[in-house]
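To start, the structure under review is shown below, and the notes come after it.
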Amino acid sequence: VRAFPLPTQTRILTVANQKGGVGKTTTTVNLAAALASEGARVLVVDLDPQGNASTALGVDHRGDQPSVYDVLIRDGSISEIIQQSPESPNLFCLPATIHLAGAEIELVPMVAREQRLRGALDRFLAEETEAGEMFHYVLIDCPPSLGLLTINAFVAAREVLIPIQCEYYALEGLSQLLNNISLIERHLNPTLAVSTILLTMYDGRTRLAFQVAEDVRTHFPEQTLAAVIPRSVRISEAPSYGQTVIGFDRGSPGSISYLEAAAEIAERGAPNRGN
Ligand code: ADP
Ligand code: MG
């Protein structure tokens, strides 16, 4: 496989959908691994207290391990907390521990509570530049709710990637998500754009999946990737080995579909918004 083009500026994408179980975490870690395997330096920020992204990347996130909680609540510095994933020397994770569950409440009285992650990421990326290094992508995995953790992700990002599960209720809640994103855009982050929609858990045998995919493409022709992620046992098995499907079974259809999605994201580049 040919290496993907690399962005000249760090692209920061938040993977969001307020529904649980639609493939946010799976998409975050597999796209990150796909991009890293093609030469990009990639950081995954695990913003879900469940820590599923940290698990899938084979990164330690037990109990008192320094984590994204320390970054958000204690001004911890990202460079001291990130861990390299055993899967690739280009792939890093800012892990989540169970402490993050409390952050949703602890953030409430804090100054600039919506900007905590953005501030820390800005400092970190500036340090990298100073050291002559660069992260090409930061992918943020969100919890399934629109609390302060997700708001921090939207404020830190420039792009939103929405995974949509190809099932009957898929579009329900999507307009609410888009409304919330435009509120954030208006009040907290004018540079935010929904750049990417990815259809996941596609079951080609059902007419319903086909119809949902058609519907999404009709409504979001520019954003929806041509690549579709099939329902695949290999994808769901990989995390129990502390691996992404890219590392676990690179030649499997699920892995190939994530490599294709990553190639499209890389080839399209960042959305044109003058910033
Ligand atoms: P979210 O982060 O949105 O809650 P997950 O990524 O954790 O969703 O996915 C929910 C469940 O579905 C997990 O058990 C995951 O392994 C499984 N899963 C996700 N994508 C696929 C897929 N393409 N094929 C099969 N299982 C999948
Ligand atoms: Mg998740």
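Here's how to read the names in the structure tokens: chain A, B, ... by the order shown, residue numbers from 1 in each chain, ligand numbers from 1 in the order shown.
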Can you list every residue of segment 76-109 of chain A that has an atom at most 6 Å from segment 36-54 of chain A, with its nearest atom pair and the distance in Å to one decimal, using only C-alpha atoms, ordered by chain then number, as a Markdown table?
| residue | atom | partner | partner_atom | distance |
| --- | --- | --- | --- | --- |
| A:Asn90 | CA | A:Arg41 | CA | 4.7 |
| A:Leu91 | CA | A:Val42 | CA | 5.1 |
| A:Phe92 | CA | A:Leu43 | CA | 4.7 |
| A:Cys93 | CA | A:Val44 | CA | 4.7 |
| A:Leu94 | CA | A:Val45 | CA | 4.9 |
| A:Pro95 | CA | A:Ser54 | CA | 5.3 |
| A:Ala96 | CA | A:Gly51 | CA | 5.0 |
| A:Thr97 | CA | A:Pro49 | CA | 5.9 |
| A:Ile98 | CA | A:Pro49 | CA | 5.2 |
| A:Leu100 | CA | A:Pro49 | CA | 5.0 |
| A:Ala101 | CA | A:Pro49 | CA | 5.2 |
Site check for ligand 2: residues at most 12 Å away, only C-alpha atoms and all ligand atoms, as a ChimeraX atom specification: /A:15-29,45-56,96,140-145,150,163,239
Same residues, C-alpha atoms, saved as an mmCIF file, in the first residue's frame:
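Wrote out27.cif, looks like this:
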data_model
loop_
_atom_site.group_PDB
_atom_site.id
_atom_site.type_symbol
_atom_site.label_atom_id
_atom_site.label_comp_id
_atom_site.auth_asym_id
_atom_site.auth_seq_id
_atom_site.Cartn_x
_atom_site.Cartn_y
_atom_site.Cartn_z
ATOM 1 C CA VAL A 15 -15.223 11.371 16.799
ATOM 2 C CA ALA A 16 -18.686 12.057 18.149
ATOM 3 C CA ASN A 17 -22.207 10.726 18.275
ATOM 4 C CA GLN A 18 -24.272 10.947 21.448
ATOM 5 C CA LYS A 19 -25.512 7.418 20.877
ATOM 6 C CA GLY A 20 -23.579 4.626 22.543
ATOM 7 C CA GLY A 21 -22.469 1.553 20.644
ATOM 8 C CA VAL A 22 -22.386 3.126 17.181
ATOM 9 C CA GLY A 23 -18.670 2.508 16.653
ATOM 10 C CA LYS A 24 -17.038 5.723 17.912
ATOM 11 C CA THR A 25 -14.222 4.017 19.786
ATOM 12 C CA THR A 26 -13.727 1.325 17.154
ATOM 13 C CA THR A 27 -13.525 4.007 14.472
ATOM 14 C CA THR A 28 -11.146 6.196 16.479
ATOM 15 C CA VAL A 29 -8.572 3.500 17.195
ATOM 16 C CA VAL A 45 -7.113 11.245 23.178
ATOM 17 C CA ASP A 46 -9.343 8.906 25.167
ATOM 18 C CA LEU A 47 -12.090 11.099 26.649
ATOM 19 C CA ASP A 48 -14.387 8.254 27.669
ATOM 20 C CA PRO A 49 -14.105 7.149 31.344
ATOM 21 C CA GLN A 50 -14.634 3.573 30.117
ATOM 22 C CA GLY A 51 -11.154 3.750 28.607
ATOM 23 C CA ASN A 52 -12.036 1.454 25.711
ATOM 24 C CA ALA A 53 -9.764 3.288 23.283
ATOM 25 C CA SER A 54 -6.842 2.934 25.718
ATOM 26 C CA THR A 55 -7.548 -0.798 25.987
ATOM 27 C CA ALA A 56 -7.705 -1.276 22.227
ATOM 28 C CA ALA A 96 -8.450 7.549 30.273
ATOM 29 C CA ILE A 140 -10.467 12.372 20.173
ATOM 30 C CA ASP A 141 -12.781 9.579 21.317
ATOM 31 C CA CYS A 142 -15.884 10.973 23.052
ATOM 32 C CA PRO A 143 -18.211 9.483 25.626
ATOM 33 C CA PRO A 144 -21.831 8.934 24.519
ATOM 34 C CA SER A 145 -23.272 12.116 26.015
ATOM 35 C CA THR A 150 -17.608 16.129 24.845
ATOM 36 C CA PRO A 163 -19.808 7.437 12.717
ATOM 37 C CA PRO A 239 -9.675 -5.116 21.419
#
Gap from atom CA of Ser257 of chain A to atom CA of Ser232 of chain A - Å, one decimal: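 Distance reported for this atom pair: 10.5 Å.
Between Leu178 of chain A and the residues A:Ala263, A:Leu199, A:Cys166, A:Ala193, the shortest atom-to-atom distance, using only C-alpha atoms, involves A:Ala193.
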Applying 8 Å and only C-alpha atoms, which residues near segment 209-226 of chain A remain after dropping the ones on its own chain fewer than 3 positions away? List them as a list in words. Cys166, Glu167, Tyr168, Ala170, Leu171, Val194, Ser195, Thr196, Ile197, Leu198, Leu199, Tyr202, Asp203, Gly204, Thr206, Ala261 and Glu264 of chain A
Filtering to N, CA and C atoms, could you give me those residues as a compact mmCIF listing (two decimals), in the first residue's frame?
# COMPACT_ATOMS: atom_id res chain seq x y z
N CYS A 166 -25.47 1.66 10.46
CA CYS A 166 -26.48 1.49 9.42
C CYS A 166 -27.66 0.69 9.94
N GLU A 167 -28.51 1.31 10.77
CA GLU A 167 -29.70 0.65 11.27
C GLU A 167 -30.84 1.64 11.36
N TYR A 168 -32.00 1.15 11.73
CA TYR A 168 -33.21 1.96 11.59
C TYR A 168 -33.15 3.29 12.33
N ALA A 170 -30.70 5.12 13.05
CA ALA A 170 -29.44 5.83 12.83
C ALA A 170 -29.60 7.35 12.74
N LEU A 171 -30.63 7.77 11.99
CA LEU A 171 -30.73 9.21 11.73
C LEU A 171 -31.43 9.95 12.86
N VAL A 194 -18.15 19.80 10.54
CA VAL A 194 -18.39 18.35 10.37
C VAL A 194 -17.77 17.98 9.03
N SER A 195 -16.58 17.40 9.06
CA SER A 195 -15.87 17.13 7.81
C SER A 195 -16.17 15.75 7.27
N THR A 196 -16.52 14.81 8.16
CA THR A 196 -16.52 13.41 7.76
C THR A 196 -17.66 12.63 8.40
N ILE A 197 -18.35 11.86 7.58
CA ILE A 197 -19.34 10.90 8.10
C ILE A 197 -18.94 9.53 7.59
N LEU A 198 -18.92 8.56 8.52
CA LEU A 198 -18.49 7.21 8.16
C LEU A 198 -19.60 6.22 8.52
N LEU A 199 -20.03 5.45 7.55
CA LEU A 199 -21.05 4.42 7.78
C LEU A 199 -20.38 3.18 8.35
N TYR A 202 -21.95 -2.02 8.64
CA TYR A 202 -22.80 -2.22 7.47
C TYR A 202 -22.99 -3.71 7.20
N ASP A 203 -24.25 -4.10 7.09
CA ASP A 203 -24.56 -5.49 6.76
C ASP A 203 -25.17 -5.51 5.36
N GLY A 204 -24.34 -5.87 4.39
CA GLY A 204 -24.74 -5.81 2.99
C GLY A 204 -25.91 -6.72 2.63
N THR A 206 -28.76 -6.82 4.20
CA THR A 206 -30.07 -6.25 4.50
C THR A 206 -30.36 -5.04 3.63
N ALA A 261 -10.90 4.03 4.44
CA ALA A 261 -11.49 5.24 5.02
C ALA A 261 -10.37 6.23 5.39
N GLU A 264 -8.99 7.97 2.35
CA GLU A 264 -9.87 9.07 1.89
C GLU A 264 -9.72 10.31 2.74
When you count only C-alpha atoms and all ligand atoms, which of these residues is closest to ligand 1: A:Thr191, A:Ser182, A:Ser77, A:Gln165?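 Checking each candidate against ligand 1, we get A:Gln165 as the closest.
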Residues near Phe154 of chain A, cut-off 10 Å, only C-alpha atoms, skip fewer than 5 positions along chain, as a list in words: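 Residues near the query, excluding close chain neighbours: Ile12, Leu13, Thr14, Val15, Ala16, Glu114, Gln115, Leu117, Arg118, Ile140, Cys142, Leu148, Leu149, Glu159, Val160, Asn180, Ile181, Ile184, Glu185, Leu188, Asn189, Leu192 and Ala193 of chain A.
Residues with any atom within 12 Å of Asp122 of chain A, counting only C-alpha atoms and excluding same-chain neighbours fewer than 4 positions away, are A:Thr10, A:Ile12, A:Ser77, A:Ile78, A:Ser79, A:Gln115, A:Arg116, A:Leu117, A:Arg118, A:Ala126, A:Glu127, A:Glu128, A:Thr129, A:Phe135, A:Val138, A:Val155, A:Ala156, A:Ala157.
Those residues of segment 44-104 of chain A that DSSP, working from the backbone, places in helix (DSSP H, G or I) are A:Asn52, A:Ala53, A:Ser54, A:Thr55, A:Ala56, A:Val68, A:Tyr69, A:Asp70, A:Val71, A:Leu72, A:Ile73, A:Arg74, A:Ile78, A:Ser79, A:Glu80, A:Ile81, A:Leu100, A:Ala101, A:Gly102, A:Ala103, A:Glu104.
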Once you have the residues from the selection above, write them out as a PDB file, in the first residue's frame, restricted to C-alpha atoms.
ATOM      1  CA  ASN A  52     -12.036   1.454  25.711  1.00  0.00           C
ATOM      2  CA  ALA A  53      -9.764   3.288  23.283  1.00  0.00           C
ATOM      3  CA  SER A  54      -6.842   2.934  25.718  1.00  0.00           C
ATOM      4  CA  THR A  55      -7.548  -0.798  25.987  1.00  0.00           C
ATOM      5  CA  ALA A  56      -7.705  -1.276  22.227  1.00  0.00           C
ATOM      6  CA  VAL A  68      -6.321  12.692  30.565  1.00  0.00           C
ATOM      7  CA  TYR A  69      -7.977  13.390  33.928  1.00  0.00           C
ATOM      8  CA  ASP A  70      -4.717  14.964  35.150  1.00  0.00           C
ATOM      9  CA  VAL A  71      -4.584  17.091  32.010  1.00  0.00           C
ATOM     10  CA  LEU A  72      -8.135  18.385  32.408  1.00  0.00           C
ATOM     11  CA  ILE A  73      -8.259  18.839  36.173  1.00  0.00           C
ATOM     12  CA  ARG A  74      -4.664  19.215  37.387  1.00  0.00           C
ATOM     13  CA  ILE A  78       0.247  15.909  27.768  1.00  0.00           C
ATOM     14  CA  SER A  79       3.858  15.130  26.806  1.00  0.00           C
ATOM     15  CA  GLU A  80       4.485  13.570  30.231  1.00  0.00           C
ATOM     16  CA  ILE A  81       1.344  11.461  30.165  1.00  0.00           C
ATOM     17  CA  LEU A 100     -12.358  10.651  34.391  1.00  0.00           C
ATOM     18  CA  ALA A 101     -15.927   9.811  35.432  1.00  0.00           C
ATOM     19  CA  GLY A 102     -15.626  12.472  38.148  1.00  0.00           C
ATOM     20  CA  ALA A 103     -14.218  15.097  35.800  1.00  0.00           C
ATOM     21  CA  GLU A 104     -17.631  15.831  34.318  1.00  0.00           C
TER      22      GLU A 104
END
